[in-house]
Amino acid sequence: MASSRPAHFASGGVSAVLGPTNTGKTHLAVERMCGHSSGIIGFPLRLLAREVYDRVVAIKGADQVALMTGEERIVPAKARYFLCTAESMPTDRDAAFLAVDEAQLGADPERGHVFTDRLLHARGREETMILGSEALRPMVRALVPEAEIVERPRFSTLSYAGAKKISRLPKRSAIVAFSAEEVYAVAEMLRRLRGGAAVVMGALSPRTRNAQVAMFQAGEVDYLVATDAIGMGLNMDVAHVAFASLHKFDGRRTRRLTVAEMAQIAGRAGRHQRDGTFGAVSEEGPGAFTPEEVFAIEAHRFPRIETMFWREGRPDLSSVDALIADLERRPEPGVLRAAPQAVDLAVLKRMADEPWVRDRARTPAGVARLWAACGLPDFRKLGLDPHTRFVERLFRNLTEGNGYVPHQWFADEIQRLDTIAGDVETLAGRVAAIRTYAYMAHRADWLTDPAHWAARTRAIEERLSDGLHASLTQRFVDKRTTALIRQIGADASLLPVVIGPEGEVMVEDHPIGTLAGFRFTVSPDARAADKRLLLAAAEKRLGGERAKRAEALVAADDADFALDGSTILWAGQPVAMLEAGPFVTRPRLVPDRALDALSPASRQAVAARLERWLAANVARHLPALSKLAAAARDPAATPALRVVAAALEARGGLAERLPLRASVEALTPEERRRLRAMGVTIGALDLFDPRLMKPAAARWRAALLAIRGDRLALPREGASVLPRGAPGAMLASGFRPLAAQAVRVDLVERIARGAHDARQGRRPFAPDQALATSIGLEPATLARLMADLGFKPVSDTDEGAPRWVWRGRPPAPATPRVAPTGTWAALAAWGDHG
């Protein structure tokens with residue numbers, strides 16, 4: 001039976017401290033080490049070694065503490081305490097204290113032989129501690145029978161909380177996935193649903209990992225997404241551990257986690273005396289826990305480890321063949337079994353087939369150099385063939401010239417990595433790549449100036465780590481959504497929404513959008529999935545601001561409004577649209593949908609104010625149209641007046657006379673005076689309101705007609721004559737096309753009046769050219785106009801201006817409402833002058 005009494009650490013003794021997670025085993029080892037004059041602890045992860053290194057530095061001082069991992073070495077001259085990864089432990093160094101953490105990893109197919117070797121051979125001069133799971137007990141009994149086994153209970157309770165969807169996970173949860181792709185997918189989901197998550201993976205550098213964990217610890221995010229790296233003693237304030245999956249690829253196949261692996265990860269929930277919970281995100285299927293697994297995890301009862309992997313830790317270096325044979329040698333029958341072929345051995349065997357490699361590894365020193373090169377980890381996960389080619393190049397460099405890696409090649413390789421441009425995956429790949437060169441830089445016999453290159457690679461790794469942290473935060477953390485999540489569901493009056501002077505809307509100083517007029521627009525950098533949440537949160541607090549703006553609109557001057565096409569603007573922002581109504585002058589006003597957020601009373605007041613502004617502008621700029629609409633529907637008016645008024649109103653106050661000739665000629669003198677009182681000119685060629693020629697009136701007329709589908713091109717302001725084909729050079733826009741020009745209709749009428757006043761019966765006459773010249777009419781334009789007015793040129797002309805003669809009035813068309821075909825030059829009939 002295991003002893004439950006307090007541990008007694010005898011001088012020179014070996015102790016095995018066994019128990020589940022959160023039992024304080026690592027903390028105990030650090031305390032014991034600091035009580036000795038020197039010490040070494042081997043950890044399973046670089047991240048954990050770095051975390052404990054920082055703690056011991058705080059106790060002993062930086063000059064007394066060393067950090068040794070494959071790609072990071074900080075070894076002060078007077079260092080007495082060494083925090084290392086298991087592979088980097090200086091086993092030839094004498095130390096008063098030595099500990100191996102997570103020793104049950106001796107059962108891991110990939111790295112197990114390293115932990116087994118440390119369990120068998122690594123010892124402290126005064127004290128040795130083996131830290132691990134309770135499942136390790138049989139191996140301790142078999143391999144280290146002299147060890148005193150100390151059982152430590154968990155400080156807090158770990159219980160199963162059932163399956164919960166990611167959207168329903170409690171705060172301070174860690175979600176565990178088993179591939180980078182799955183980690184990113186879960187983090188992206190949490191960003192959309194809960195504002196974001198910190199990301200922790202074993203491939204991250206300590207600097208990036210610490211920055212991500214710091215966000216989680218500080219409460220900037222409430223969720224952590226991680227690989228199973230968090231199961232190896234990394235200390236974080238996690239209340240619940242959720243498994244996104246219960247299967248992982250172990251380098252050879254995809255398999256279900258063992259109960260011990262599940263417990264190692266789930267045990268990160270709870271800290272010291274605080275209880276923790278675990279669960280899955282799937283309620284059924286392969287992603288769900290079985291009742292047996294739940295019972296085992298809660299009770300900390302796991303299958304005992306019956307065998308551990310072993311490989312010769314001090315192989316024969318006399319020749320390449322002797323080295324391979326020693327590494328492939330099987331252990332004696334018992335609890336140890338041969339480790340599967342690791343990457344370093346696979347690379348060695350491939351390189352051993354190359355004659356040039358054997359030629360350069362003929363001596364024990366050459367073999368040792370070859371084996372050291374093969375030990376370069378495949379940080380980039382390139383695969384065996386690409387990694388072997390890289391190691392071959394490294395070994396070739398180490399056995400050529402001066403026996404060192406070429407300075408220029410190494411400098412060029414790391415310079416290529418010294419950029420923080422790119423996405424998360426690209427930066428993570430560069431971090432993995434720089435770890436390879438950092439590993440090489442910490443080999444004193446590989447580079448001529450290892451200290452310089454170690455510092456250089458460390459600086460690049462730190463820059464890349466900072467860039468990766470920023471990229472992870474940008475991709476997987478939305479501080480606006482986080483702030484909203486913390487307030488959502490709370491009393492709307494407590495939501496800290498602030499509207500800036502430019503209409504910017506902020507929640508806890510995080511901009512979420514802009515309130516322009518009454519319309520709230522989500523910030524353009526918000527992702528599509530967040531917009532609904534941002535809109536919902538903003539709508540809770542923008543009602544008061546919109547009510548204030550409604551009051552300001554109702555009290556605004558007419559100058560604060562404008563018509564842009566069919567849109568009514570207030571202070572430059574759309575507040576309503578105009579749609580076709582029963583008359584041109586009575587379009588239907590449709591308030592902007594943003595006004596739906598106002599109270600009914602406020603919305604009605606705004607609509608009434610806009611209606612008043614619209615009516616005032618129509619009356620100011622198009623005064624005749626309302627009167628024409630009334631005349632067209634006046635039952636007391638004659639049919640002729642109703643026809644003329646209706647045609648003018650439908651065309652916005654301007655109509656060609658030819659189609660209306662019969663009705664115009666049927667007008668009584670009193671009806672003609674009534675039309676003139678409205679402002680209508682009955683011209684020789686056209687009927688129009690001359691006030692429509694003013695720029696503002698022209699814009700309003702064009703806007704109201706466009707609402708009904710009659711889109712007009714507006715001429716340039718102040719134009720009297722336009723080139724034919726120019727914008728606005730059409731009768732509907734107030735310009736009559738004549739030859740190569742188009743002349744404004746009111747000027748056409750002035751020329752017609754002048755010609756009428758100048759003629760004397762049917763005798764030839766020469767019209768006054770001054771007016772035509774002053775407005776820019778070309779001779780061909782004037783000739784075409786005279787012809788359209790009913791004149792023809794005469795041949796007996798004197799030198800000088802052309803002479804014209806009146807042709808007389810032709811008979812009225814048979815169908816007065818239909819425009820006849822052809823050119824009826826004499827149709828003008830002089831309007832009121834004929």
# chains A, B, ... in the order shown; residues from 1 in each chain; ligands from 1
call {"tool": "residues_around", "arguments": {"residues": "stretch 128-137 of chain A", "least_positions_apart": "3", "cutoff": "6 Å", "atoms": "only C-alpha atoms", "output": "MDAnalysis selection string"}}
result
chainID A and resid 14:20 97:104 123:124 140 304:305
call {"tool": "residues_around", "arguments": {"residues": "A:Ala706", "least_positions_apart": "6", "cutoff": "10 Å", "atoms": "only C-alpha atoms", "output": "ChimeraX atom specification"}}
result
/A:565-566,579-580,584,700,712
call {"tool": "closest_residue", "arguments": {"among": "A:Arg274, A:Arg393, A:Arg154, A:Lys78", "to": "A:Ala299", "atoms": "only C-alpha atoms"}}
result
A:Arg154
call {"tool": "residues_around", "arguments": {"residues": "A:Arg207", "least_positions_apart": "2", "cutoff": "7 Å", "atoms": "only C-alpha atoms", "output": "PDB file with C-alpha atoms, in the first residue's frame"}}
result
ATOM      1  CA  SER A 205       6.981  30.169 -28.259  1.00  0.00           C
ATOM      2  CA  ARG A 209       2.050  31.589 -24.962  1.00  0.00           C
ATOM      3  CA  ASN A 210       2.621  33.881 -21.984  1.00  0.00           C
ATOM      4  CA  ALA A 211       1.040  36.834 -23.799  1.00  0.00           C
ATOM      5  CA  GLU A 462      10.650  37.410 -29.850  1.00  0.00           C
ATOM      6  CA  SER A 465       6.193  35.842 -31.143  1.00  0.00           C
TER       7      SER A 465
END
call {"tool": "closest_residue", "arguments": {"among": "A:Thr254, A:Thr307, A:Ser173, A:Asn22", "to": "A:Leu105", "atoms": "only C-alpha atoms"}}
result
A:Thr307
call {"tool": "closest_residue", "arguments": {"among": "A:Pro802, A:Pro715, A:Gly267, A:Met139", "to": "A:Gly334", "atoms": "only C-alpha atoms"}}
result
A:Met139
call {"tool": "atom_distance", "arguments": {"atom1": "atom CA of A:Arg691", "atom2": "atom CA of A:Pro639"}}
result
26.1 Å
call {"tool": "select_by_dssp", "arguments": {"residues": "stretch 487-707 of chain A", "states": "alpha helix (DSSP H)", "output": "JSON, numbers by chain"}}
result
{"A": [487, 528, 529, 530, 531, 532, 533, 534, 535, 536, 537, 538, 539, 540, 541, 543, 544, 545, 546, 547, 548, 549, 550, 551, 552, 553, 554, 600, 601, 602, 603, 604, 605, 606, 607, 608, 609, 610, 611, 612, 613, 614, 615, 616, 617, 618, 619, 620, 621, 623, 624, 625, 626, 627, 628, 629, 630, 631, 632, 639, 640, 641, 642, 643, 644, 645, 646, 647, 648, 649, 650, 661, 662, 663, 664, 665, 669, 670, 671, 672, 673, 674, 675, 676, 677, 678, 695, 696, 697, 698, 699, 700, 701, 702, 703, 704, 705, 706, 707]}
call {"tool": "closest_residue", "arguments": {"among": "A:His300, A:Arg784, A:Arg676, A:Arg708", "to": "A:Ala260", "atoms": "only C-alpha atoms"}}
result
A:His300
call {"tool": "closest_residue", "arguments": {"among": "A:Ala79, A:Ala342, A:Ile420, A:Ala96", "to": "A:Ser37", "atoms": "only C-alpha atoms"}}
result
A:Ala96
call {"tool": "atom_distance", "arguments": {"atom1": "atom CA of A:Thr26", "atom2": "atom CA of A:Ala49"}}
result
10.9 Å
call {"tool": "residues_around", "arguments": {"residues": "A:Ile414", "least_positions_apart": "2", "cutoff": "10 Å", "atoms": "only C-alpha atoms", "output": "ChimeraX atom specification"}}
result
/A:409-412,416-419,430,433-434,436-438,453,456-457,460-461
call {"tool": "atom_distance", "arguments": {"atom1": "atom CA of A:Ala29", "atom2": "atom CA of A:Thr157"}}
result
22.6 Å
call {"tool": "residues_around", "arguments": {"residues": "A:Leu83", "least_positions_apart": "3", "cutoff": "12 Å", "atoms": "only C-alpha atoms", "output": "PDB file with N, CA and C atoms, in the first residue's frame"}}
result
ATOM      1  N   THR A  26       4.722  19.672  -8.601  1.00  0.00           N
ATOM      2  CA  THR A  26       5.775  20.519  -9.170  1.00  0.00           C
ATOM      3  C   THR A  26       6.176  21.606  -8.189  1.00  0.00           C
ATOM      4  N   ALA A  29       8.483  20.149  -5.685  1.00  0.00           N
ATOM      5  CA  ALA A  29       9.832  19.915  -6.211  1.00  0.00           C
ATOM      6  C   ALA A  29      10.624  21.215  -6.271  1.00  0.00           C
ATOM      7  N   VAL A  30       9.974  22.304  -6.666  1.00  0.00           N
ATOM      8  CA  VAL A  30      10.672  23.595  -6.737  1.00  0.00           C
ATOM      9  C   VAL A  30      11.102  24.020  -5.335  1.00  0.00           C
ATOM     10  N   MET A  33      14.075  21.879  -4.291  1.00  0.00           N
ATOM     11  CA  MET A  33      15.290  22.252  -5.000  1.00  0.00           C
ATOM     12  C   MET A  33      15.894  23.526  -4.431  1.00  0.00           C
ATOM     13  N   CYS A  34      15.028  24.511  -4.154  1.00  0.00           N
ATOM     14  CA  CYS A  34      15.535  25.789  -3.643  1.00  0.00           C
ATOM     15  C   CYS A  34      16.136  25.650  -2.247  1.00  0.00           C
ATOM     16  N   SER A  38      22.203  23.271  -5.053  1.00  0.00           N
ATOM     17  CA  SER A  38      22.114  23.216  -6.517  1.00  0.00           C
ATOM     18  C   SER A  38      21.019  22.229  -6.883  1.00  0.00           C
ATOM     19  N   GLY A  39      20.568  22.313  -8.107  1.00  0.00           N
ATOM     20  CA  GLY A  39      19.498  21.407  -8.495  1.00  0.00           C
ATOM     21  C   GLY A  39      19.203  21.415  -9.983  1.00  0.00           C
ATOM     22  N   ILE A  40      18.550  20.354 -10.451  1.00  0.00           N
ATOM     23  CA  ILE A  40      18.127  20.203 -11.845  1.00  0.00           C
ATOM     24  C   ILE A  40      16.721  19.616 -11.841  1.00  0.00           C
ATOM     25  N   ILE A  41      15.844  20.192 -12.649  1.00  0.00           N
ATOM     26  CA  ILE A  41      14.509  19.610 -12.846  1.00  0.00           C
ATOM     27  C   ILE A  41      14.288  19.479 -14.347  1.00  0.00           C
ATOM     28  N   GLY A  42      13.839  18.296 -14.773  1.00  0.00           N
ATOM     29  CA  GLY A  42      13.512  18.062 -16.171  1.00  0.00           C
ATOM     30  C   GLY A  42      12.011  18.055 -16.376  1.00  0.00           C
ATOM     31  N   PHE A  43      11.542  18.832 -17.356  1.00  0.00           N
ATOM     32  CA  PHE A  43      10.108  18.986 -17.611  1.00  0.00           C
ATOM     33  C   PHE A  43       9.744  18.416 -18.983  1.00  0.00           C
ATOM     34  N   PRO A  44       8.477  18.140 -19.194  1.00  0.00           N
ATOM     35  CA  PRO A  44       8.057  17.592 -20.486  1.00  0.00           C
ATOM     36  C   PRO A  44       7.929  18.638 -21.589  1.00  0.00           C
ATOM     37  N   LEU A  45       7.790  19.916 -21.199  1.00  0.00           N
ATOM     38  CA  LEU A  45       7.551  20.958 -22.188  1.00  0.00           C
ATOM     39  C   LEU A  45       8.495  22.133 -21.975  1.00  0.00           C
ATOM     40  N   ARG A  46       8.897  22.733 -23.067  1.00  0.00           N
ATOM     41  CA  ARG A  46       9.677  23.968 -23.005  1.00  0.00           C
ATOM     42  C   ARG A  46       8.889  25.065 -22.299  1.00  0.00           C
ATOM     43  N   LEU A  47       7.578  25.108 -22.556  1.00  0.00           N
ATOM     44  CA  LEU A  47       6.742  26.145 -21.937  1.00  0.00           C
ATOM     45  C   LEU A  47       6.747  26.014 -20.421  1.00  0.00           C
ATOM     46  N   LEU A  48       6.635  24.787 -19.930  1.00  0.00           N
ATOM     47  CA  LEU A  48       6.619  24.575 -18.484  1.00  0.00           C
ATOM     48  C   LEU A  48       7.988  24.877 -17.879  1.00  0.00           C
ATOM     49  N   ALA A  49       9.044  24.488 -18.582  1.00  0.00           N
ATOM     50  CA  ALA A  49      10.392  24.801 -18.092  1.00  0.00           C
ATOM     51  C   ALA A  49      10.577  26.306 -17.970  1.00  0.00           C
ATOM     52  N   ARG A  50      10.082  27.038 -18.946  1.00  0.00           N
ATOM     53  CA  ARG A  50      10.205  28.495 -18.913  1.00  0.00           C
ATOM     54  C   ARG A  50       9.384  29.085 -17.776  1.00  0.00           C
ATOM     55  N   GLU A  51       8.195  28.555 -17.549  1.00  0.00           N
ATOM     56  CA  GLU A  51       7.344  29.062 -16.480  1.00  0.00           C
ATOM     57  C   GLU A  51       8.013  28.878 -15.112  1.00  0.00           C
ATOM     58  N   VAL A  52       8.570  27.707 -14.866  1.00  0.00           N
ATOM     59  CA  VAL A  52       9.225  27.445 -13.579  1.00  0.00           C
ATOM     60  C   VAL A  52      10.535  28.231 -13.482  1.00  0.00           C
ATOM     61  N   TYR A  53      11.237  28.379 -14.595  1.00  0.00           N
ATOM     62  CA  TYR A  53      12.468  29.184 -14.606  1.00  0.00           C
ATOM     63  C   TYR A  53      12.185  30.597 -14.088  1.00  0.00           C
ATOM     64  N   ASP A  54      11.107  31.197 -14.570  1.00  0.00           N
ATOM     65  CA  ASP A  54      10.767  32.557 -14.123  1.00  0.00           C
ATOM     66  C   ASP A  54      10.478  32.579 -12.621  1.00  0.00           C
ATOM     67  N   ARG A  55       9.838  31.522 -12.112  1.00  0.00           N
ATOM     68  CA  ARG A  55       9.551  31.469 -10.672  1.00  0.00           C
ATOM     69  C   ARG A  55      10.830  31.345  -9.854  1.00  0.00           C
ATOM     70  N   VAL A  56      11.754  30.505 -10.289  1.00  0.00           N
ATOM     71  CA  VAL A  56      12.995  30.304  -9.524  1.00  0.00           C
ATOM     72  C   VAL A  56      13.894  31.531  -9.613  1.00  0.00           C
ATOM     73  N   VAL A  57      13.892  32.203 -10.761  1.00  0.00           N
ATOM     74  CA  VAL A  57      14.664  33.445 -10.887  1.00  0.00           C
ATOM     75  C   VAL A  57      14.188  34.452  -9.859  1.00  0.00           C
ATOM     76  N   GLN A  64      21.830  32.959 -10.770  1.00  0.00           N
ATOM     77  CA  GLN A  64      21.934  31.646 -10.153  1.00  0.00           C
ATOM     78  C   GLN A  64      21.131  30.575 -10.899  1.00  0.00           C
ATOM     79  N   VAL A  65      20.354  30.984 -11.875  1.00  0.00           N
ATOM     80  CA  VAL A  65      19.393  30.062 -12.483  1.00  0.00           C
ATOM     81  C   VAL A  65      19.643  29.951 -13.982  1.00  0.00           C
ATOM     82  N   ALA A  66      19.569  28.727 -14.491  1.00  0.00           N
ATOM     83  CA  ALA A  66      19.761  28.464 -15.918  1.00  0.00           C
ATOM     84  C   ALA A  66      18.503  27.846 -16.515  1.00  0.00           C
ATOM     85  N   LEU A  67      18.302  28.136 -17.786  1.00  0.00           N
ATOM     86  CA  LEU A  67      17.214  27.536 -18.558  1.00  0.00           C
ATOM     87  C   LEU A  67      17.841  26.797 -19.724  1.00  0.00           C
ATOM     88  N   MET A  68      17.528  25.520 -19.880  1.00  0.00           N
ATOM     89  CA  MET A  68      18.109  24.727 -20.952  1.00  0.00           C
ATOM     90  C   MET A  68      17.008  23.942 -21.663  1.00  0.00           C
ATOM     91  N   THR A  69      16.715  24.356 -22.886  1.00  0.00           N
ATOM     92  CA  THR A  69      15.803  23.604 -23.753  1.00  0.00           C
ATOM     93  C   THR A  69      16.517  23.444 -25.085  1.00  0.00           C
ATOM     94  N   GLU A  72      16.501  27.084 -26.563  1.00  0.00           N
ATOM     95  CA  GLU A  72      16.668  28.253 -25.689  1.00  0.00           C
ATOM     96  C   GLU A  72      17.589  27.869 -24.535  1.00  0.00           C
ATOM     97  N   ARG A  73      18.688  28.596 -24.415  1.00  0.00           N
ATOM     98  CA  ARG A  73      19.639  28.315 -23.339  1.00  0.00           C
ATOM     99  C   ARG A  73      20.068  29.620 -22.695  1.00  0.00           C
ATOM    100  N   ILE A  74      19.805  29.715 -21.425  1.00  0.00           N
ATOM    101  CA  ILE A  74      20.271  30.842 -20.626  1.00  0.00           C
ATOM    102  C   ILE A  74      21.074  30.229 -19.483  1.00  0.00           C
ATOM    103  N   VAL A  75      22.392  30.289 -19.597  1.00  0.00           N
ATOM    104  CA  VAL A  75      23.256  29.602 -18.628  1.00  0.00           C
ATOM    105  C   VAL A  75      24.288  30.592 -18.078  1.00  0.00           C
ATOM    106  N   ALA A  79      25.601  29.700 -12.553  1.00  0.00           N
ATOM    107  CA  ALA A  79      24.289  29.054 -12.395  1.00  0.00           C
ATOM    108  C   ALA A  79      24.405  27.791 -11.560  1.00  0.00           C
ATOM    109  N   ARG A  80      23.450  27.649 -10.615  1.00  0.00           N
ATOM    110  CA  ARG A  80      23.430  26.459  -9.755  1.00  0.00           C
ATOM    111  C   ARG A  80      22.103  25.686  -9.869  1.00  0.00           C
ATOM    112  N   ALA A  86      13.277  17.501 -20.565  1.00  0.00           N
ATOM    113  CA  ALA A  86      13.875  16.211 -20.214  1.00  0.00           C
ATOM    114  C   ALA A  86      15.042  15.872 -21.132  1.00  0.00           C
ATOM    115  N   GLU A  87      14.891  16.187 -22.443  1.00  0.00           N
ATOM    116  CA  GLU A  87      15.954  15.881 -23.393  1.00  0.00           C
ATOM    117  C   GLU A  87      17.209  16.708 -23.148  1.00  0.00           C
ATOM    118  N   SER A  88      17.072  17.908 -22.583  1.00  0.00           N
ATOM    119  CA  SER A  88      18.204  18.821 -22.429  1.00  0.00           C
ATOM    120  C   SER A  88      18.828  18.776 -21.041  1.00  0.00           C
ATOM    121  N   MET A  89      18.394  17.872 -20.181  1.00  0.00           N
ATOM    122  CA  MET A  89      18.974  17.802 -18.834  1.00  0.00           C
ATOM    123  C   MET A  89      20.471  17.472 -18.909  1.00  0.00           C
ATOM    124  N   PRO A  90      21.304  18.249 -18.230  1.00  0.00           N
ATOM    125  CA  PRO A  90      22.746  17.956 -18.223  1.00  0.00           C
ATOM    126  C   PRO A  90      23.043  16.776 -17.285  1.00  0.00           C
ATOM    127  N   PHE A  97      20.277  18.249  -5.964  1.00  0.00           N
ATOM    128  CA  PHE A  97      18.872  17.840  -6.109  1.00  0.00           C
ATOM    129  C   PHE A  97      18.589  17.597  -7.578  1.00  0.00           C
ATOM    130  N   LEU A  98      17.764  16.612  -7.856  1.00  0.00           N
ATOM    131  CA  LEU A  98      17.337  16.351  -9.232  1.00  0.00           C
ATOM    132  C   LEU A  98      15.910  15.822  -9.222  1.00  0.00           C
ATOM    133  N   ALA A  99      15.109  16.298 -10.165  1.00  0.00           N
ATOM    134  CA  ALA A  99      13.719  15.837 -10.281  1.00  0.00           C
ATOM    135  C   ALA A  99      13.354  15.652 -11.737  1.00  0.00           C
ATOM    136  N   VAL A 100      12.503  14.695 -11.998  1.00  0.00           N
ATOM    137  CA  VAL A 100      11.941  14.461 -13.325  1.00  0.00           C
ATOM    138  C   VAL A 100      10.425  14.605 -13.204  1.00  0.00           C
ATOM    139  N   ASP A 101       9.854  15.546 -13.944  1.00  0.00           N
ATOM    140  CA  ASP A 101       8.415  15.815 -13.871  1.00  0.00           C
ATOM    141  C   ASP A 101       7.668  15.034 -14.941  1.00  0.00           C
TER     142      ASP A 101
END
call {"tool": "closest_residue", "arguments": {"among": "A:Glu151, A:Glu717, A:Glu188, A:Asp344", "to": "A:Arg111", "atoms": "only C-alpha atoms"}}
result
A:Asp344
call {"tool": "residues_around", "arguments": {"residues": "A:Ala742", "least_positions_apart": "6", "cutoff": "8 Å", "atoms": "only C-alpha atoms", "output": "PyMOL selection string"}}
result
chain A and resi 721-724+729-730+735-736
call {"tool": "select_by_dssp", "arguments": {"residues": "stretch 522-738 of chain A", "states": "strand (DSSP E or B)", "output": "PyMOL selection string"}}
result
chain A and resi 522+561-564+567-570+573-583+586-591+654-656+681-682+686-688+721-723+735-738
call {"tool": "residues_around", "arguments": {"residues": "A:Leu628", "least_positions_apart": "4", "cutoff": "10 Å", "atoms": "only C-alpha atoms", "output": "ChimeraX atom specification"}}
result
/A:623-624,632-634,641-642,644-650,652-653,675,678-680
call {"tool": "decode", "arguments": {"residues": "stretch 548-563 of chain A", "atoms": "N, CA and C atoms", "output": "short mmCIF file (atom, residue, chain, number, x, y, z; two decimals), in the first residue's frame"}}
result
data_model
loop_
_atom_site.label_atom_id
_atom_site.label_comp_id
_atom_site.auth_asym_id
_atom_site.auth_seq_id
_atom_site.Cartn_x
_atom_site.Cartn_y
_atom_site.Cartn_z
N LYS A 548 -33.80 62.58 -29.21
CA LYS A 548 -33.25 63.94 -29.23
C LYS A 548 -33.08 64.45 -30.65
N ARG A 549 -32.63 63.56 -31.53
CA ARG A 549 -32.44 63.98 -32.91
C ARG A 549 -33.78 64.24 -33.60
N ALA A 550 -34.81 63.49 -33.22
CA ALA A 550 -36.14 63.74 -33.79
C ALA A 550 -36.62 65.13 -33.38
N GLU A 551 -36.42 65.51 -32.13
CA GLU A 551 -36.81 66.85 -31.68
C GLU A 551 -36.03 67.92 -32.45
N ALA A 552 -34.74 67.67 -32.70
CA ALA A 552 -33.94 68.64 -33.44
C ALA A 552 -34.42 68.75 -34.88
N LEU A 553 -34.83 67.64 -35.48
CA LEU A 553 -35.32 67.69 -36.86
C LEU A 553 -36.62 68.50 -36.94
N VAL A 554 -37.53 68.25 -36.01
CA VAL A 554 -38.80 68.97 -36.04
C VAL A 554 -38.59 70.47 -35.90
N ALA A 555 -37.58 70.88 -35.14
CA ALA A 555 -37.31 72.31 -34.91
C ALA A 555 -36.36 72.90 -35.94
N ALA A 556 -35.87 72.09 -36.90
CA ALA A 556 -34.85 72.56 -37.83
C ALA A 556 -35.43 73.54 -38.84
N ASP A 557 -34.56 74.42 -39.37
CA ASP A 557 -34.93 75.35 -40.44
C ASP A 557 -35.02 74.60 -41.76
N ASP A 558 -35.74 75.20 -42.71
CA ASP A 558 -35.85 74.57 -44.02
C ASP A 558 -34.49 74.40 -44.68
N ALA A 559 -33.57 75.30 -44.38
CA ALA A 559 -32.24 75.21 -45.00
C ALA A 559 -31.47 73.97 -44.58
N ASP A 560 -31.89 73.33 -43.50
CA ASP A 560 -31.21 72.13 -43.03
C ASP A 560 -31.61 70.87 -43.80
N PHE A 561 -32.63 71.01 -44.68
CA PHE A 561 -33.10 69.87 -45.47
C PHE A 561 -32.65 70.04 -46.92
N ALA A 562 -32.58 68.93 -47.62
CA ALA A 562 -32.23 68.97 -49.04
C ALA A 562 -32.84 67.76 -49.72
N LEU A 563 -33.01 67.88 -51.04
CA LEU A 563 -33.52 66.78 -51.83
C LEU A 563 -32.40 66.29 -52.74
#
